[in-house]
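Beneath this line is the structure, given in structure tokens, with notes to follow.
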Amino acid sequence: MTRSLSHDVVIVGGGAAGIATAASMLKRRPSLDIAIVEPAEYHYYQPGWTMVGAGVFEAPVTQRPMASVMPKQARWIRQAAATFQPEQNRLTLADGSMLDYKLLIVAPGIRLA
Ligand SMILES: Cc1cc2nc3c(=O)[nH]c(=O)nc-3n(C[C@H](O)[C@H](O)[C@H](O)COP(=O)(O)OP(=O)(O)OC[C@H]3O[C@@H](n4cnc5c(N)ncnc54)[C@H](O)[C@@H]3O)c2cc1C
């Protein structure tokens, strides 16, 4: 049987928006059960890329291990969200497992094409 875990808040995307939102919510209510769904091993400080282009920073300066920017009280789920089932307050992850939530925040950024 496919497992389904439940959290107060599920945030899809551990970029600037997802991490900042989680940190802000936890600051106000430390007991919140927040899960962040994020497959990437590294977080990128994108505004720094302007400085890389200008020759001020080296590119690695803008890269941090994802684990170092995740709020400690949040649960990091190292997978991509695959599909959403909002009628059931549920989403399905890339491995087929499911996550239930009371509140969903979707912040997967944009894909540059
Ligand atoms: C060159 C450059 C310069 C910029 N300069 C500035 C500036 O000076 N000031 C400013 O305010 N802003 C600036 N920005 C914009 C700012 O960096 C972005 O608005 C911000 O990083 C967006 O954050 P985000 O969390 O929405 O997306 P991102 O930081 O891109 O994060 C999205 C995350 O979602 C994850 N994700 C994607 N798909 C899935 C999925 N299916 N399931 C789970 N996770 C998923 C990705 O792995 C990623 O970690 C700049 C951007 C660039 C590119």
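Quick note on naming: the chains in the structure tokens go A, B, ... in the order shown, residues restart at 1 in each chain, and ligands are numbered from 1 in order of appearance.
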
Those in chain A with helix (DSSP H, G or I) from DSSP, as a ChimeraX atom specification: /A:16-28,48-53,59-62,66-69,86-88

Arg64 of chain A environment, 8 Å, only C-alpha atoms, sequence neighbours closer than 6 positions dropped, as a ChimeraX atom specification: /A:42-44

Surroundings of ligand 1 up to 7 Å, based on only C-alpha atoms and all ligand atoms, as a VMD selection string: chain A and resid 12 to 18 37 to 40 43 to 50 79 to 82 107 to 110

Point-to-point distance in Å for atom CA of Met66 of chain A and atom CA of Gly53 of chain A: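 If I compute the distance from atom CA of Gly53 of chain A to atom CA of Met66 of chain A, I get 23.1 Å.
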
Coordinates-based distance that separates atom CA of Leu26 of chain A from atom CA of Ser97 of chain A (Å, one decimal):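 According to the coordinates, atom CA of Ser97 of chain A and atom CA of Leu26 of chain A are separated by 25.5 Å.
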
Every residue of chain A that DSSP places in strand (DSSP E), as a ChimeraX atom specification: /A:4-12,34-37,42-44,63-65,75-77,81-85,90-93,98-106

Writing out the chosen residues with N, CA and C atoms as a short mmCIF file (atom, residue, chain, number, x, y, z; two decimals), in the first residue's frame:
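The new file again23.cif reads:
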data_model
loop_
_atom_site.label_atom_id
_atom_site.label_comp_id
_atom_site.auth_asym_id
_atom_site.auth_seq_id
_atom_site.Cartn_x
_atom_site.Cartn_y
_atom_site.Cartn_z
N SER A 4 0.88 7.53 3.04
CA SER A 4 0.49 8.94 2.97
C SER A 4 0.81 9.57 4.31
N LEU A 5 1.72 10.58 4.30
CA LEU A 5 2.07 11.30 5.52
C LEU A 5 1.29 12.61 5.55
N SER A 6 1.11 13.15 6.75
CA SER A 6 0.32 14.36 6.88
C SER A 6 1.09 15.44 7.65
N HIS A 7 0.95 16.69 7.20
CA HIS A 7 1.61 17.83 7.85
C HIS A 7 0.63 19.00 7.92
N ASP A 8 0.88 19.92 8.88
CA ASP A 8 0.04 21.13 8.94
C ASP A 8 0.21 21.92 7.65
N VAL A 9 1.49 22.12 7.26
CA VAL A 9 1.81 22.93 6.08
C VAL A 9 2.78 22.14 5.21
N VAL A 10 2.50 22.07 3.92
CA VAL A 10 3.44 21.50 2.95
C VAL A 10 3.84 22.62 1.99
N ILE A 11 5.15 22.81 1.84
CA ILE A 11 5.66 23.83 0.92
C ILE A 11 6.39 23.11 -0.21
N VAL A 12 5.98 23.36 -1.43
CA VAL A 12 6.65 22.78 -2.60
C VAL A 12 7.68 23.77 -3.10
N ILE A 34 5.81 21.65 9.56
CA ILE A 34 5.99 22.08 8.16
C ILE A 34 6.91 21.10 7.44
N ALA A 35 6.47 20.67 6.26
CA ALA A 35 7.33 19.86 5.39
C ALA A 35 7.66 20.66 4.13
N ILE A 36 8.93 20.62 3.72
CA ILE A 36 9.35 21.30 2.49
C ILE A 36 9.76 20.23 1.48
N VAL A 37 9.07 20.23 0.35
CA VAL A 37 9.33 19.26 -0.72
C VAL A 37 10.33 19.88 -1.68
N TYR A 42 21.35 21.55 -3.77
CA TYR A 42 21.95 22.87 -3.59
C TYR A 42 20.92 23.97 -3.76
N HIS A 43 21.09 25.02 -2.98
CA HIS A 43 20.28 26.23 -3.07
C HIS A 43 21.14 27.30 -3.75
N TYR A 44 20.54 28.06 -4.66
CA TYR A 44 21.29 29.10 -5.39
C TYR A 44 20.77 30.48 -5.04
N GLN A 63 26.24 29.32 -4.40
CA GLN A 63 25.71 27.97 -4.19
C GLN A 63 25.93 27.54 -2.74
N ARG A 64 24.86 27.08 -2.09
CA ARG A 64 24.95 26.57 -0.71
C ARG A 64 24.32 25.20 -0.66
N PRO A 65 24.83 24.29 0.19
CA PRO A 65 24.12 23.02 0.36
C PRO A 65 22.69 23.29 0.87
N ARG A 75 10.60 19.73 8.16
CA ARG A 75 11.01 18.43 7.64
C ARG A 75 11.28 18.57 6.14
N TRP A 76 12.50 18.24 5.75
CA TRP A 76 12.89 18.32 4.34
C TRP A 76 12.58 16.97 3.66
N ILE A 77 11.72 17.01 2.66
CA ILE A 77 11.40 15.81 1.88
C ILE A 77 12.12 15.94 0.54
N ALA A 81 7.60 17.25 -6.23
CA ALA A 81 6.16 17.06 -6.30
C ALA A 81 5.82 16.69 -7.75
N ALA A 82 4.96 15.70 -7.93
CA ALA A 82 4.62 15.26 -9.29
C ALA A 82 3.23 15.71 -9.69
N THR A 83 2.23 15.45 -8.84
CA THR A 83 0.85 15.86 -9.17
C THR A 83 0.16 16.36 -7.90
N PHE A 84 -0.89 17.14 -8.13
CA PHE A 84 -1.64 17.73 -7.00
C PHE A 84 -3.08 17.21 -7.01
N GLN A 85 -3.58 16.92 -5.81
CA GLN A 85 -4.98 16.49 -5.66
C GLN A 85 -5.65 17.42 -4.64
N ARG A 90 -4.08 16.90 -0.85
CA ARG A 90 -3.04 15.89 -1.02
C ARG A 90 -2.21 16.19 -2.25
N LEU A 91 -0.93 15.80 -2.19
CA LEU A 91 -0.11 15.81 -3.41
C LEU A 91 0.66 14.49 -3.49
N THR A 92 1.06 14.18 -4.71
CA THR A 92 1.79 12.94 -4.94
C THR A 92 3.22 13.28 -5.34
N LEU A 93 4.16 12.58 -4.73
CA LEU A 93 5.58 12.82 -4.99
C LEU A 93 6.06 11.97 -6.16
N MET A 98 2.44 9.77 -1.10
CA MET A 98 1.53 10.92 -1.02
C MET A 98 1.76 11.71 0.27
N LEU A 99 1.45 13.00 0.18
CA LEU A 99 1.55 13.89 1.34
C LEU A 99 0.22 14.60 1.50
N ASP A 100 -0.31 14.58 2.71
CA ASP A 100 -1.54 15.32 3.01
C ASP A 100 -1.17 16.59 3.77
N TYR A 101 -2.00 17.61 3.66
CA TYR A 101 -1.71 18.89 4.30
C TYR A 101 -3.00 19.57 4.71
N LYS A 102 -2.84 20.54 5.68
CA LYS A 102 -3.95 21.44 5.97
C LYS A 102 -3.83 22.67 5.08
N LEU A 103 -2.56 23.10 4.86
CA LEU A 103 -2.28 24.28 4.03
C LEU A 103 -1.15 23.95 3.06
N LEU A 104 -1.36 24.28 1.79
CA LEU A 104 -0.34 24.02 0.77
C LEU A 104 0.20 25.34 0.23
N ILE A 105 1.53 25.42 0.12
CA ILE A 105 2.18 26.58 -0.48
C ILE A 105 3.01 26.06 -1.65
N VAL A 106 2.77 26.61 -2.85
CA VAL A 106 3.45 26.11 -4.05
C VAL A 106 4.43 27.18 -4.53
#

Interatomic distance (Å, one decimal) between atom CA of Gln88 of chain A and atom CA of Lys72 of chain A: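 Atom CA of Lys72 of chain A lies at a distance of 28.1 Å from atom CA of Gln88 of chain A.
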
Contacts of Pro71 of chain A within 8 Å, only C-alpha atoms, excl. fewer than 2 positions in-chain, as a PyMOL selection string: chain A and resi 19+22-23+69+73-74

Residues just named, written with N, CA, C and O atoms as a PDB file, in the first residue's frame:
ATOM      1  N   ILE A  19      11.789  28.741   1.437  1.00  0.00           N
ATOM      2  CA  ILE A  19      12.578  28.790   2.674  1.00  0.00           C
ATOM      3  C   ILE A  19      12.172  29.994   3.527  1.00  0.00           C
ATOM      4  O   ILE A  19      12.000  29.886   4.750  1.00  0.00           O
ATOM      5  N   ALA A  22       8.729  29.394   5.127  1.00  0.00           N
ATOM      6  CA  ALA A  22       8.817  28.435   6.244  1.00  0.00           C
ATOM      7  C   ALA A  22       9.439  29.094   7.469  1.00  0.00           C
ATOM      8  O   ALA A  22       8.937  28.961   8.595  1.00  0.00           O
ATOM      9  N   ALA A  23      10.541  29.822   7.263  1.00  0.00           N
ATOM     10  CA  ALA A  23      11.230  30.456   8.392  1.00  0.00           C
ATOM     11  C   ALA A  23      10.324  31.476   9.077  1.00  0.00           C
ATOM     12  O   ALA A  23      10.274  31.552  10.308  1.00  0.00           O
ATOM     13  N   VAL A  69      20.454  25.669   4.443  1.00  0.00           N
ATOM     14  CA  VAL A  69      19.480  26.760   4.425  1.00  0.00           C
ATOM     15  C   VAL A  69      18.079  26.317   4.875  1.00  0.00           C
ATOM     16  O   VAL A  69      17.193  27.149   5.047  1.00  0.00           O
ATOM     17  N   GLN A  73      13.539  23.284  12.109  1.00  0.00           N
ATOM     18  CA  GLN A  73      12.281  22.693  12.603  1.00  0.00           C
ATOM     19  C   GLN A  73      11.421  22.136  11.475  1.00  0.00           C
ATOM     20  O   GLN A  73      10.412  21.485  11.751  1.00  0.00           O
ATOM     21  N   ALA A  74      11.791  22.415  10.228  1.00  0.00           N
ATOM     22  CA  ALA A  74      10.995  21.905   9.101  1.00  0.00           C
ATOM     23  C   ALA A  74      11.500  20.533   8.695  1.00  0.00           C
ATOM     24  O   ALA A  74      12.671  20.215   8.858  1.00  0.00           O
TER      25      ALA A  74
END
